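Here's work.txt, which has compact mmCIF, C-alpha atoms (C1' of nucleotides):
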# COMPACT_ATOMS: atom_id res chain seq x y z
CA MET X 23 71.08 107.81 144.35
CA ALA X 24 72.57 108.35 140.93
CA ARG X 25 70.19 109.31 138.20
CA TRP X 26 71.54 106.56 135.93
CA GLU X 27 73.41 103.32 136.35
CA PRO X 28 77.12 104.04 136.54
CA ASN X 29 79.74 103.25 133.90
CA GLY X 30 77.65 103.77 130.80
CA ARG X 31 80.72 103.62 128.61
CA GLY X 32 81.79 100.27 129.99
CA ARG X 33 78.30 98.86 129.53
CA LEU X 34 78.34 99.99 125.91
CA VAL X 35 81.68 98.29 125.31
CA GLN X 36 80.42 95.08 126.87
CA ALA X 37 77.11 95.13 125.00
CA ALA X 38 78.86 95.86 121.71
CA LEU X 39 81.32 93.01 122.07
CA GLU X 40 78.53 90.60 122.97
CA LEU X 41 76.42 91.58 119.99
CA PHE X 42 79.35 91.53 117.58
CA VAL X 43 80.22 88.03 118.73
CA GLU X 44 76.60 86.89 118.53
CA ARG X 45 75.65 88.25 115.10
CA GLY X 46 78.70 89.94 113.62
CA PHE X 47 79.68 93.59 113.38
CA GLU X 48 77.45 94.58 110.50
CA GLN X 49 74.38 92.79 111.77
CA ALA X 50 74.45 94.66 115.07
CA THR X 51 73.13 98.22 114.87
CA VAL X 52 74.23 100.96 117.19
CA ALA X 53 70.63 101.17 118.36
CA ASP X 54 70.83 97.49 119.35
CA ILE X 55 74.00 98.07 121.33
CA ALA X 56 72.64 101.11 123.11
CA ARG X 57 69.41 99.31 123.97
CA ARG X 58 71.29 96.38 125.48
CA ALA X 59 73.33 98.82 127.55
CA GLY X 60 70.18 100.61 128.69
CA LEU X 61 71.08 103.80 126.85
CA THR X 62 70.21 105.57 123.61
CA GLU X 63 71.95 105.67 120.26
CA ARG X 64 72.78 109.33 120.75
CA THR X 65 74.61 108.55 123.96
CA PHE X 66 76.67 105.88 122.19
CA PHE X 67 78.01 108.56 119.87
CA ARG X 68 78.81 110.81 122.79
CA HIS X 69 81.18 108.15 124.11
CA PHE X 70 82.63 106.87 120.83
CA ALA X 71 83.44 108.76 117.66
CA ASP X 72 82.00 105.99 115.54
CA LYS X 73 80.70 102.45 115.69
CA ARG X 74 84.14 100.86 115.26
CA GLU X 75 85.79 102.87 117.98
CA VAL X 76 83.90 101.03 120.70
CA LEU X 77 86.19 98.04 120.12
CA PHE X 78 89.34 100.11 120.53
CA TRP X 79 88.51 101.87 123.73
CA GLY X 80 91.35 101.80 126.25
CA GLN X 81 94.09 101.77 123.65
CA GLY X 82 94.92 105.33 124.55
CA GLU X 83 96.14 104.32 128.00
CA LEU X 84 98.10 101.43 126.52
CA ARG X 85 99.77 103.76 124.09
CA ASP X 86 100.65 106.25 126.81
CA LEU X 87 102.17 103.50 128.92
CA ILE X 88 104.26 102.27 126.02
CA VAL X 89 105.53 105.72 125.14
CA GLU X 90 106.37 106.51 128.76
CA THR X 91 108.21 103.23 129.16
CA VAL X 92 110.29 104.00 126.08
CA ALA X 93 111.06 107.44 127.44
CA ALA X 94 112.09 106.05 130.84
CA ALA X 95 114.38 103.29 129.57
CA PRO X 96 118.07 103.39 130.51
CA GLY X 97 120.09 105.29 127.96
CA SER X 98 122.42 102.44 127.28
CA ALA X 99 119.87 100.01 125.82
CA ALA X 100 119.61 99.34 122.08
CA PRO X 101 116.51 100.90 120.48
CA ILE X 102 114.90 97.62 119.49
CA ASP X 103 115.31 96.30 123.04
CA VAL X 104 113.80 99.47 124.45
CA VAL X 105 110.79 99.04 122.22
CA ALA X 106 110.40 95.36 123.03
CA ALA X 107 110.63 96.07 126.76
CA ALA X 108 107.95 98.75 126.44
CA TYR X 109 105.62 96.34 124.71
CA GLU X 110 106.29 93.77 127.39
CA ALA X 111 105.23 96.30 129.99
CA ALA X 112 102.04 96.95 128.04
CA GLY X 113 101.56 93.23 127.94
CA GLY X 114 100.96 93.34 131.67
CA MET X 115 97.85 95.43 131.13
CA LEU X 116 96.52 92.99 128.55
CA GLN X 117 97.43 89.85 130.45
CA GLU X 118 94.44 90.21 132.75
CA HIS X 119 91.96 90.47 129.92
CA ARG X 120 92.95 87.67 127.61
CA ASP X 121 89.40 86.48 127.34
CA PHE X 122 88.21 89.89 126.25
CA SER X 123 91.13 90.16 123.82
CA ARG X 124 90.32 86.80 122.27
CA GLN X 125 86.74 87.71 121.49
CA ARG X 126 87.75 91.13 120.27
CA GLN X 127 90.34 89.71 117.89
CA ALA X 128 87.88 87.16 116.55
CA VAL X 129 85.47 89.95 115.66
CA ILE X 130 88.19 92.04 114.05
CA ALA X 131 89.46 89.06 112.07
CA ALA X 132 85.98 88.61 110.63
CA THR X 133 85.44 92.26 109.67
CA PRO X 134 87.55 94.16 107.09
CA GLU X 135 86.18 97.47 108.34
CA LEU X 136 87.65 96.75 111.75
CA GLN X 137 90.94 95.55 110.30
CA GLU X 138 91.33 98.95 108.67
CA ARG X 139 90.87 100.64 111.99
CA GLU X 140 93.33 98.32 113.68
CA LEU X 141 95.96 98.96 111.03
CA ILE X 142 95.78 102.72 111.43
CA LYS X 143 95.93 102.38 115.21
CA LEU X 144 99.06 100.28 114.93
CA ALA X 145 100.58 102.72 112.48
CA SER X 146 99.94 105.64 114.80
CA LEU X 147 101.32 103.64 117.69
CA ALA X 148 104.50 102.92 115.75
CA ALA X 149 104.78 106.61 114.92
CA ALA X 150 104.43 107.54 118.60
CA VAL X 151 107.08 105.01 119.59
CA ALA X 152 109.40 106.33 116.88
CA GLY X 153 108.88 109.82 118.26
CA ALA X 154 109.74 108.67 121.77
CA LEU X 155 112.90 107.06 120.46
CA ARG X 156 113.94 110.26 118.74
CA GLU X 157 113.48 112.09 122.03
CA ARG X 158 116.12 109.75 123.38
CA GLY X 159 118.53 110.80 120.66
CA VAL X 160 118.03 107.84 118.36
CA PRO X 161 118.58 109.01 114.76
CA ASP X 162 115.47 109.46 112.62
CA GLN X 163 115.64 106.45 110.38
CA ALA X 164 116.84 104.08 113.05
CA ALA X 165 113.98 105.25 115.25
CA SER X 166 111.41 104.60 112.55
CA LEU X 167 112.80 101.20 111.71
CA ALA X 168 113.09 100.07 115.32
CA ALA X 169 109.55 101.27 116.00
CA GLU X 170 108.13 99.52 112.93
CA ALA X 171 110.02 96.33 113.61
CA GLY X 172 109.09 96.36 117.29
CA THR X 173 105.44 96.92 116.47
CA THR X 174 105.49 94.05 114.01
CA VAL X 175 107.01 91.83 116.67
CA PHE X 176 104.30 92.86 119.09
CA ARG X 177 101.55 92.20 116.56
CA ILE X 178 102.82 88.72 115.84
CA ALA X 179 103.31 87.92 119.51
CA PHE X 180 99.84 89.19 120.32
CA GLU X 181 98.30 87.02 117.61
CA ARG X 182 100.04 83.97 118.97
CA TRP X 183 99.06 84.82 122.50
CA VAL X 184 95.33 85.16 121.81
CA SER X 185 95.27 81.94 119.83
CA ALA X 186 97.41 79.98 122.28
CA PRO X 187 95.71 77.19 124.21
CA GLY X 188 95.15 77.40 127.95
CA GLU X 189 92.58 78.97 130.25
CA PRO X 190 89.37 78.64 128.20
CA GLY X 191 89.32 74.97 129.14
CA GLY X 192 89.21 75.97 132.77
CA PRO X 193 91.74 76.36 135.59
CA ASP X 194 92.77 72.72 135.29
CA GLU X 195 94.69 73.58 132.14
CA ASN X 196 98.41 74.00 131.66
CA GLY X 197 98.37 77.60 132.88
CA GLU X 198 97.82 80.99 131.26
CA PRO X 199 100.15 81.79 128.37
CA ASP X 200 102.45 84.72 128.98
CA LEU X 201 102.36 87.57 126.46
CA ALA X 202 105.75 88.92 127.51
CA ARG X 203 107.30 85.56 126.79
CA PHE X 204 105.79 85.53 123.29
CA ILE X 205 107.20 88.99 122.69
CA ARG X 206 110.70 87.90 123.64
CA GLU X 207 110.45 84.82 121.47
CA SER X 208 109.23 86.76 118.45
CA LEU X 209 111.99 89.29 118.83
CA ASP X 210 114.52 86.47 118.90
CA GLU X 211 113.01 85.09 115.72
CA LEU X 212 113.30 88.45 114.03
CA ARG X 213 116.95 88.57 115.02
CA VAL X 214 117.54 85.17 113.51
CA VAL X 215 115.80 86.03 110.26
CA THR X 216 117.64 89.31 109.84
CA GLY X 217 120.93 87.67 110.76
CA GLY X 218 121.43 89.84 113.86
CA LYS X 219 123.61 88.86 116.82
CA MET U 21 75.13 106.85 68.88
CA ALA U 22 75.64 105.48 72.35
CA ARG U 23 72.82 105.97 74.74
CA TRP U 24 75.20 107.51 77.28
CA GLU U 25 78.58 109.14 77.13
CA PRO U 26 81.29 106.47 77.28
CA ASN U 27 83.62 105.74 80.19
CA GLY U 28 81.28 106.53 83.03
CA ARG U 29 83.65 105.00 85.55
CA GLY U 30 86.53 107.18 84.39
CA ARG U 31 84.37 110.29 84.56
CA LEU U 32 83.40 109.41 88.10
CA VAL U 33 87.03 108.99 89.13
CA GLN U 34 87.92 112.33 87.57
CA ALA U 35 84.96 114.14 89.09
CA ALA U 36 85.65 112.66 92.51
CA LEU U 37 89.30 113.67 92.51
CA GLU U 38 88.41 117.20 91.43
CA LEU U 39 85.81 117.63 94.12
CA PHE U 40 88.00 116.12 96.83
CA VAL U 41 90.77 118.53 95.89
CA GLU U 42 88.37 121.48 95.76
CA ARG U 43 86.49 120.98 99.02
CA GLY U 44 87.91 117.90 100.73
CA PHE U 45 86.67 114.34 100.94
CA GLU U 46 83.96 114.81 103.54
CA GLN U 47 82.56 117.98 102.03
CA ALA U 48 81.93 116.28 98.69
CA THR U 49 78.87 114.05 98.64
CA VAL U 50 78.50 111.10 96.32
CA ALA U 51 75.54 112.88 94.77
CA ASP U 52 77.85 115.81 93.95
CA ILE U 53 80.35 113.53 92.29
CA ALA U 54 77.75 111.71 90.25
CA ARG U 55 76.18 114.97 89.14
CA ARG U 56 79.50 116.34 87.95
CA ALA U 57 80.07 113.13 86.01
CA GLY U 58 76.60 113.38 84.49
CA LEU U 59 75.39 110.25 86.28
CA THR U 60 73.34 109.33 89.33
CA GLU U 61 74.35 108.37 92.83
CA ARG U 62 73.08 104.84 92.26
CA THR U 63 75.39 104.40 89.31
CA PHE U 64 78.36 105.52 91.38
CA PHE U 65 77.73 102.62 93.73
CA ARG U 66 77.48 100.22 90.83
CA HIS U 67 81.05 101.10 89.88
CA PHE U 68 82.58 101.44 93.34
CA ALA U 69 81.86 99.50 96.51
CA ASP U 70 81.97 102.65 98.59
CA LYS U 71 82.86 106.32 98.44
CA ARG U 72 86.53 105.75 99.28
CA GLU U 73 87.09 103.10 96.68
CA VAL U 74 86.85 105.59 93.84
CA LEU U 75 90.32 106.85 94.76
CA PHE U 76 91.81 103.37 94.61
CA TRP U 77 90.50 102.27 91.27
CA GLY U 78 93.14 100.71 89.04
CA GLN U 79 95.15 99.27 91.92
CA GLY U 80 93.95 95.82 90.99
CA GLU U 81 95.88 95.88 87.72
CA LEU U 82 98.93 97.24 89.50
CA ARG U 83 98.77 94.44 92.02
CA ASP U 84 98.42 91.81 89.31
CA LEU U 85 101.40 93.20 87.45
CA ILE U 86 103.52 93.15 90.60
CA VAL U 87 102.56 89.60 91.49
CA GLU U 88 103.19 88.38 87.96
CA THR U 89 106.57 90.08 87.86
CA VAL U 90 107.54 88.36 91.09
CA ALA U 91 106.43 85.04 89.69
CA ALA U 92 108.38 85.52 86.47
CA ALA U 93 111.67 86.61 88.07
CA PRO U 94 114.78 84.45 87.50
CA GLY U 95 115.13 81.81 90.17
CA SER U 96 118.56 82.93 91.18
CA ALA U 97 117.65 86.39 92.49
CA ALA U 98 117.40 87.17 96.22
CA PRO U 99 113.79 87.66 97.43
CA ILE U 100 114.18 91.29 98.36
CA ASP U 101 115.63 92.06 94.92
CA VAL U 102 112.77 90.23 93.24
CA VAL U 103 110.29 92.32 95.17
CA ALA U 104 112.08 95.57 94.46
CA ALA U 105 112.27 94.75 90.75
CA ALA U 106 108.55 94.01 90.70
CA TYR U 107 107.78 97.36 92.26
CA GLU U 108 110.04 99.06 89.75
CA ALA U 109 108.02 97.46 86.97
CA ALA U 110 104.84 98.75 88.56
CA GLY U 111 106.51 102.13 88.75
CA GLY U 112 106.34 102.25 84.98
CA MET U 113 102.54 102.27 85.12
CA LEU U 114 102.53 105.09 87.63
CA GLN U 115 105.21 107.13 85.96
CA GLU U 116 102.80 108.45 83.33
CA HIS U 117 100.31 109.69 85.89
CA ARG U 118 102.42 111.52 88.39
CA ASP U 119 100.10 114.50 88.32
CA PHE U 120 97.13 112.34 89.18
CA SER U 121 99.13 110.56 91.89
CA ARG U 122 100.15 113.85 93.46
CA GLN U 123 96.62 115.10 93.84
CA ARG U 124 95.43 111.73 95.02
CA GLN U 125 98.12 111.53 97.71
CA ALA U 126 97.34 115.05 98.87
CA VAL U 127 93.70 114.10 99.41
CA ILE U 128 94.63 110.91 101.23
CA ALA U 129 97.12 112.72 103.43
CA ALA U 130 94.33 115.06 104.53
CA THR U 131 91.76 112.35 105.28
CA PRO U 132 92.17 109.67 107.98
CA GLU U 133 89.35 107.63 106.49
CA LEU U 134 91.32 107.33 103.28
CA GLN U 135 94.54 106.55 105.10
CA GLU U 136 92.83 103.55 106.64
CA ARG U 137 91.86 102.29 103.23
CA GLU U 138 95.36 102.83 101.89
CA LEU U 139 96.91 100.91 104.77
CA ILE U 140 94.73 97.87 104.24
CA LYS U 141 95.41 97.97 100.50
CA LEU U 142 99.15 97.99 101.18
CA ALA U 143 98.80 95.17 103.69
CA SER U 144 96.89 93.03 101.23
CA LEU U 145 99.43 93.86 98.54
CA ALA U 146 102.25 92.74 100.83
CA ALA U 147 100.36 89.54 101.55
CA ALA U 148 99.93 88.87 97.83
CA VAL U 149 103.63 89.48 97.21
CA ALA U 150 104.54 87.17 100.07
CA GLY U 151 102.31 84.51 98.53
CA ALA U 152 104.04 84.89 95.17
CA LEU U 153 107.41 84.53 96.85
CA ARG U 154 106.30 81.33 98.56
CA GLU U 155 105.26 79.98 95.17
CA ARG U 156 108.88 80.43 94.18
CA GLY U 157 110.00 78.29 97.08
CA VAL U 158 110.99 81.08 99.45
CA PRO U 159 110.40 79.92 103.03
CA ASP U 160 107.38 81.33 104.82
CA GLN U 161 108.96 83.78 107.20
CA ALA U 162 111.55 85.01 104.72
CA ALA U 163 108.75 85.57 102.21
CA SER U 164 106.70 87.62 104.67
CA LEU U 165 109.66 89.68 105.75
CA ALA U 166 110.88 90.35 102.22
CA ALA U 167 107.36 91.32 101.15
CA GLU U 168 106.85 93.63 104.14
CA ALA U 169 110.24 95.22 103.75
CA GLY U 170 109.83 95.61 100.00
CA THR U 171 106.42 97.21 100.43
CA THR U 172 107.81 99.62 102.98
CA VAL U 173 110.57 100.55 100.57
CA PHE U 174 108.01 101.14 97.84
CA ARG U 175 105.86 103.27 100.09
CA ILE U 176 108.76 105.48 101.06
CA ALA U 177 109.99 105.77 97.48
CA PHE U 178 106.49 106.63 96.29
CA GLU U 179 106.16 109.36 98.91
CA ARG U 180 109.44 110.89 97.84
CA TRP U 181 108.51 110.63 94.19
CA VAL U 182 105.18 112.44 94.49
CA SER U 183 106.70 115.20 96.58
CA ALA U 184 109.81 115.59 94.42
CA PRO U 185 110.16 118.83 92.44
CA GLY U 186 109.98 118.87 88.65
CA GLU U 187 107.24 118.95 86.05
CA PRO U 188 104.56 120.99 87.81
CA GLY U 189 106.58 124.11 86.94
CA GLY U 190 106.33 123.19 83.30
CA PRO U 191 108.51 121.46 80.72
CA ASP U 192 111.32 123.94 81.30
CA GLU U 193 112.09 122.22 84.59
CA ASN U 194 114.88 119.81 85.42
CA GLY U 195 112.95 116.83 84.09
CA GLU U 196 110.52 114.31 85.48
CA PRO U 197 111.70 112.42 88.59
CA ASP U 198 112.05 108.68 88.12
CA LEU U 199 110.14 106.43 90.50
CA ALA U 200 112.29 103.38 89.76
CA ARG U 201 115.36 105.35 90.77
CA PHE U 202 113.74 106.30 94.09
CA ILE U 203 112.94 102.64 94.69
CA ARG U 204 116.54 101.59 94.14
CA GLU U 205 117.80 104.36 96.38
CA SER U 206 115.39 103.50 99.19
CA LEU U 207 116.32 99.84 99.01
CA ASP U 208 119.98 100.80 99.29
CA GLU U 209 119.14 102.87 102.35
CA LEU U 210 117.36 99.97 103.94
CA ARG U 211 120.43 97.82 103.33
CA VAL U 212 122.64 100.37 105.02
CA VAL U 213 120.35 100.71 108.04
CA THR U 214 120.03 96.98 108.51
CA GLY U 215 123.76 96.53 108.04
CA GLY U 216 123.38 94.32 104.94
CA LYS U 217 125.97 93.94 102.19
C1' DT P 18 68.15 125.98 152.67
C1' DG P 19 67.63 127.73 148.24
C1' DA P 20 69.62 129.30 143.72
C1' DG P 21 72.64 128.38 140.28
C1' DT P 22 75.78 125.53 137.69
C1' DC P 23 77.32 121.24 135.68
C1' DG P 24 77.44 116.79 133.64
C1' DA P 25 75.36 112.88 131.68
C1' DT P 26 71.55 111.64 129.39
C1' DG P 27 67.11 111.79 126.41
C1' DT P 28 64.41 113.47 122.31
C1' DC P 29 63.89 114.66 117.74
C1' DA P 30 64.83 116.17 113.27
C1' DG P 31 68.00 116.08 109.59
C1' DT P 32 71.88 114.60 106.30
C1' DT P 33 74.40 111.19 103.86
C1' DA P 34 76.31 106.62 102.76
C1' DC P 35 74.72 102.61 100.91
C1' DT P 36 71.17 98.76 99.19
C1' DG P 37 67.19 96.45 96.87
C1' DT P 38 64.02 96.47 93.20
C1' DC P 39 62.01 97.48 89.08
C1' DA P 40 61.80 100.18 84.74
C1' DT P 41 64.04 101.90 80.52
C1' DC P 42 66.23 101.62 76.15
C1' DA P 43 70.24 101.55 72.80
C1' DC P 44 72.90 97.91 70.85
C1' DG P 45 74.11 93.57 68.84
C1' DG P 46 72.95 89.30 67.17
C1' DT P 47 69.53 86.03 64.98
C1' DA O 15 61.49 92.58 63.00
C1' DC O 16 62.57 90.34 67.55
C1' DC O 17 65.04 89.47 71.64
C1' DG O 18 68.48 89.36 75.20
C1' DT O 19 71.92 92.02 77.51
C1' DG O 20 74.19 95.67 79.80
C1' DA O 21 74.41 100.12 81.62
C1' DT O 22 71.65 103.38 83.52
C1' DG O 23 67.62 105.90 86.03
C1' DA O 24 63.96 106.25 89.57
C1' DC O 25 62.55 105.52 94.04
C1' DA O 26 61.98 103.74 98.52
C1' DG O 27 64.27 102.20 102.56
C1' DT O 28 67.92 101.35 106.36
C1' DA O 29 71.48 102.76 109.36
C1' DA O 30 75.49 105.72 110.64
C1' DC O 31 76.26 110.04 112.37
C1' DT O 32 75.29 115.25 113.80
C1' DG O 33 73.16 119.44 115.79
C1' DA O 34 69.96 121.66 118.87
C1' DC O 35 67.47 121.75 122.81
C1' DA O 36 65.32 119.72 127.11
C1' DT O 37 65.76 117.20 131.52
C1' DC O 38 67.20 116.42 136.15
C1' DG O 39 70.15 114.62 139.92
C1' DA O 40 74.45 116.14 142.16
C1' DC O 41 77.36 119.46 143.73
C1' DT O 42 78.65 124.30 145.22
C1' DC O 43 78.22 128.41 147.49
C1' DA O 44 76.20 132.09 149.95

Transcribe the structure of this file into structure tokens.
Amino acid sequence: MARWEPNGRGRLVQAALELFVERGFEQATVADIARRAGLTERTFFRHFADKREVLFWGQGELRDLIVETVAAAPGSAAPIDVVAAAYEAAGGMLQEHRDFSRQRQAVIAATPELQERELIKLASLAAAVAGALRERGVPDQAASLAAEAGTTVFRIAFERWVSAPGEPGGPDENGEPDLARFIRESLDELRVVTGGK
Amino acid sequence: MARWEPNGRGRLVQAALELFVERGFEQATVADIARRAGLTERTFFRHFADKREVLFWGQGELRDLIVETVAAAPGSAAPIDVVAAAYEAAGGMLQEHRDFSRQRQAVIAATPELQERELIKLASLAAAVAGALRERGVPDQAASLAAEAGTTVFRIAFERWVSAPGEPGGPDENGEPDLARFIRESLDELRVVTGGK
DNA sequence: TGAGTCGATGTCAGTTACTGTCATCACGGT
DNA sequence: ACCGTGATGACAGTAACTGACATCGACTCA
């Protein structure tokens, strides 16, 4: 018999999301979250560096997957396509948790504090992608631009995906929207706007 | 005789910057800052919404100037040029305080918390610029892209400007670097990278 | 089997960011 | 001389976050 229920971290994430949805980020104290998860405030801060971080848990794996996919891409592909393909791969991990993502984004959209955190996470992600591109021999500035542009494409596609209809109405709906498809469409739009091929 | 020394807000800004440079953002408490400015902690929070905001005071005026310059630009100019010109105008306000800007950027560069705040300020600035472009009749997506791209150009130019040599050695140096010039150069670089005219 | 280590948690005290409320008092007008 | 206003001080309170130490089941090894 374990001394405590397993997966304390996961319970904290779940409890936090529930409370943030119910009363908003600021109205939910860390003590509240910990209590709902059957733990103490101190334990919350052992799992997460701060109160905001609980909503960004798991992004490390996503980032690693993206960077590895960029690194493993065939040498012949254009940088922006490499980046887009990497984000599509990451999309697979998110696809199964659209419901979670929807609630999470709603909370972030309602809380400037969380938007700040999201922006810096995206910036650091873009920097990591740019680094991976440079490893492939892509020149510095082209790497930065492709990474920034690709990240912007992903952000826009993700926004559209979480706000797309389907699923919440039940399984009798017109099917689950596909994040990878949104990514390809957004990239095409970017090409049109910038006058690319 | 005034009951208190004038310009309490300015003294707080000055004291905060000094302390952040001396010991770092986290090692300087708000009480420290207020004491150095000859005020109380409570008064600090009457002037600034939070501890970070003290380093971003004055950006409101800058933002207004930029938005107004975009609005007042001749109708014939291309969006990206309108944006760049607006940032050049704002550059004039910064030009006189390069010393202040240098120290401020050094503190921000050393403090993730402050980087978050800077990112959201830049994002909201880009959104305001995009709005001003739309007022001019620029289509939605073109407005967003021109605003994002222009803001990126400004950010890069600003970074180069604060880290450029000159002045700190004294007046016997090779003259003060010109922010507007850096903006024009960065915009040209962006054009080259994106294959524009 | 028993001792020792380890990992996840609890407990508790402390600091600091931030807020609400009320008091103070120069200044400027009437 | 009186009064309202604006900027400040004083003080109490909440909540985020940290450091130090205790607990106790699980796992290892002799």

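All chain X residues having an atom within 8 Å of chain U, based on only C-alpha atoms, amount to X:Gln137, X:Glu138, X:Arg139, X:Leu141, X:Ile142, X:Gln163, X:Ala164, X:Val215.
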
Write out the residues from the selection above, keeping C-alpha atoms, as a short mmCIF file (atom, residue, chain, number, x, y, z; two decimals), in the frame of the given file.
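Now in out.cif:
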data_model
loop_
_atom_site.label_atom_id
_atom_site.label_comp_id
_atom_site.auth_asym_id
_atom_site.auth_seq_id
_atom_site.Cartn_x
_atom_site.Cartn_y
_atom_site.Cartn_z
CA GLN X 137 90.94 95.55 110.30
CA GLU X 138 91.33 98.95 108.67
CA ARG X 139 90.87 100.64 111.99
CA LEU X 141 95.96 98.96 111.03
CA ILE X 142 95.78 102.72 111.43
CA GLN X 163 115.64 106.45 110.38
CA ALA X 164 116.84 104.08 113.05
CA VAL X 215 115.80 86.03 110.26
#

With chain O as the partner and 12 Å as the cut-off, tabulate the residues of chain U that qualify, each row holding the nearest pair of atoms and their distance in Å to one decimal, using all atoms listed in the file, sorted by chain and rising number, as a Markdown table.
| residue | atom | partner | partner_atom | distance |
| --- | --- | --- | --- | --- |
| U:Ala22 | CA | O:DA21 | C1' | 10.8 |
| U:Arg23 | CA | O:DA21 | C1' | 9.2 |
| U:Trp24 | CA | O:DT22 | C1' | 8.3 |
| U:Glu25 | CA | O:DA21 | C1' | 10.9 |
| U:Pro26 | CA | O:DA21 | C1' | 10.3 |
| U:Asn27 | CA | O:DA21 | C1' | 10.9 |
| U:Gly28 | CA | O:DA21 | C1' | 9.5 |
| U:Arg29 | CA | O:DA21 | C1' | 11.2 |
| U:Gly58 | CA | O:DT22 | C1' | 11.2 |
| U:Leu59 | CA | O:DT22 | C1' | 8.3 |
| U:Thr60 | CA | O:DG23 | C1' | 7.4 |
| U:Glu61 | CA | O:DG23 | C1' | 9.9 |
| U:Arg62 | CA | O:DG23 | C1' | 8.4 |
| U:Thr63 | CA | O:DT22 | C1' | 7.0 |
| U:Phe64 | CA | O:DT22 | C1' | 10.6 |
| U:Phe65 | CA | O:DT22 | C1' | 11.9 |
| U:Arg66 | CA | O:DA21 | C1' | 9.7 |
| U:His67 | CA | O:DA21 | C1' | 10.6 |

Those selected residues, please, written with C-alpha atoms and delivered as a short mmCIF file (atom, residue, chain, number, x, y, z; two decimals), in the frame of the given file.
data_model
loop_
_atom_site.label_atom_id
_atom_site.label_comp_id
_atom_site.auth_asym_id
_atom_site.auth_seq_id
_atom_site.Cartn_x
_atom_site.Cartn_y
_atom_site.Cartn_z
CA ALA U 22 75.64 105.48 72.35
CA ARG U 23 72.82 105.97 74.74
CA TRP U 24 75.20 107.51 77.28
CA GLU U 25 78.58 109.14 77.13
CA PRO U 26 81.29 106.47 77.28
CA ASN U 27 83.62 105.74 80.19
CA GLY U 28 81.28 106.53 83.03
CA ARG U 29 83.65 105.00 85.55
CA GLY U 58 76.60 113.38 84.49
CA LEU U 59 75.39 110.25 86.28
CA THR U 60 73.34 109.33 89.33
CA GLU U 61 74.35 108.37 92.83
CA ARG U 62 73.08 104.84 92.26
CA THR U 63 75.39 104.40 89.31
CA PHE U 64 78.36 105.52 91.38
CA PHE U 65 77.73 102.62 93.73
CA ARG U 66 77.48 100.22 90.83
CA HIS U 67 81.05 101.10 89.88
#

Counting only C-alpha atoms (C1' of nucleotides), which residues of chain P sit at most 10 Å from some atom of chain U, and what is each one's closest atom pair with its distance in Å to one decimal, listed by chain and rising residue number, as a tab-separated table?
residue	atom	partner	partner_atom	distance
P:DT33	C1'	U:Thr49	CA	7.4
P:DA34	C1'	U:Lys71	CA	7.9
P:DC35	C1'	U:Asp70	CA	7.6
P:DT36	C1'	U:Phe65	CA	9.4
P:DC42	C1'	U:Arg23	CA	8.0
P:DA43	C1'	U:Arg23	CA	5.5
P:DC44	C1'	U:Ala22	CA	8.2

Using C-alpha atoms (C1' of nucleotides), can you export the residues from the last selection as an mmCIF file, in the coordinates of the input?
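Produced file selection_5.cif, reproduced below:
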data_model
loop_
_atom_site.group_PDB
_atom_site.id
_atom_site.type_symbol
_atom_site.label_atom_id
_atom_site.label_comp_id
_atom_site.auth_asym_id
_atom_site.auth_seq_id
_atom_site.Cartn_x
_atom_site.Cartn_y
_atom_site.Cartn_z
ATOM 1 C "C1'" DT P 33 74.400 111.190 103.860
ATOM 2 C "C1'" DA P 34 76.310 106.620 102.760
ATOM 3 C "C1'" DC P 35 74.720 102.610 100.910
ATOM 4 C "C1'" DT P 36 71.170 98.760 99.190
ATOM 5 C "C1'" DC P 42 66.230 101.620 76.150
ATOM 6 C "C1'" DA P 43 70.240 101.550 72.800
ATOM 7 C "C1'" DC P 44 72.900 97.910 70.850
#

(message) I want to know what sits within 12 Å of X:Thr133, based on only C-alpha atoms (C1' of nucleotides), with residues of the same chain fewer than 2 positions away left out; could you give that as a list in words?
(response) Phe42, Val43, Arg45, Gly46, Phe47, Glu48, Gln49, Arg74, Leu77, Arg126, Gln127, Ala128, Val129, Ile130, Ala131, Glu135, Leu136, Gln137, Glu138, Arg139 and Glu140 of chain X

(request) One decimal, Å: what's the distance from atom CA of X:Ile55 over to atom CA of X:Trp79, could you say? (result)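 Atom-to-atom, atom CA of X:Ile55 and atom CA of X:Trp79 are spaced 15.2 Å apart.
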
(message) One decimal, in Å: what's the spacing between atom CA of X:Leu39 and atom CA of X:Ala186?
(response) 20.7 Å

Give me the box for stretch 139-143 of chain U as AutoDock Vina command-line options, namely the centre and edge lengths in Å to one decimal of a box along x, y and z that holds every listed atom plus 4 Å on each side.
--center_x 96.9 --center_y 98.0 --center_z 102.6 --size_x 12.4 --size_y 13.7 --size_z 12.3

(message) As an exercise, work out the distance from atom CA of X:Ser123 to atom CA of X:Val92 in Å and give it to one decimal place.
(response) 23.7 Å
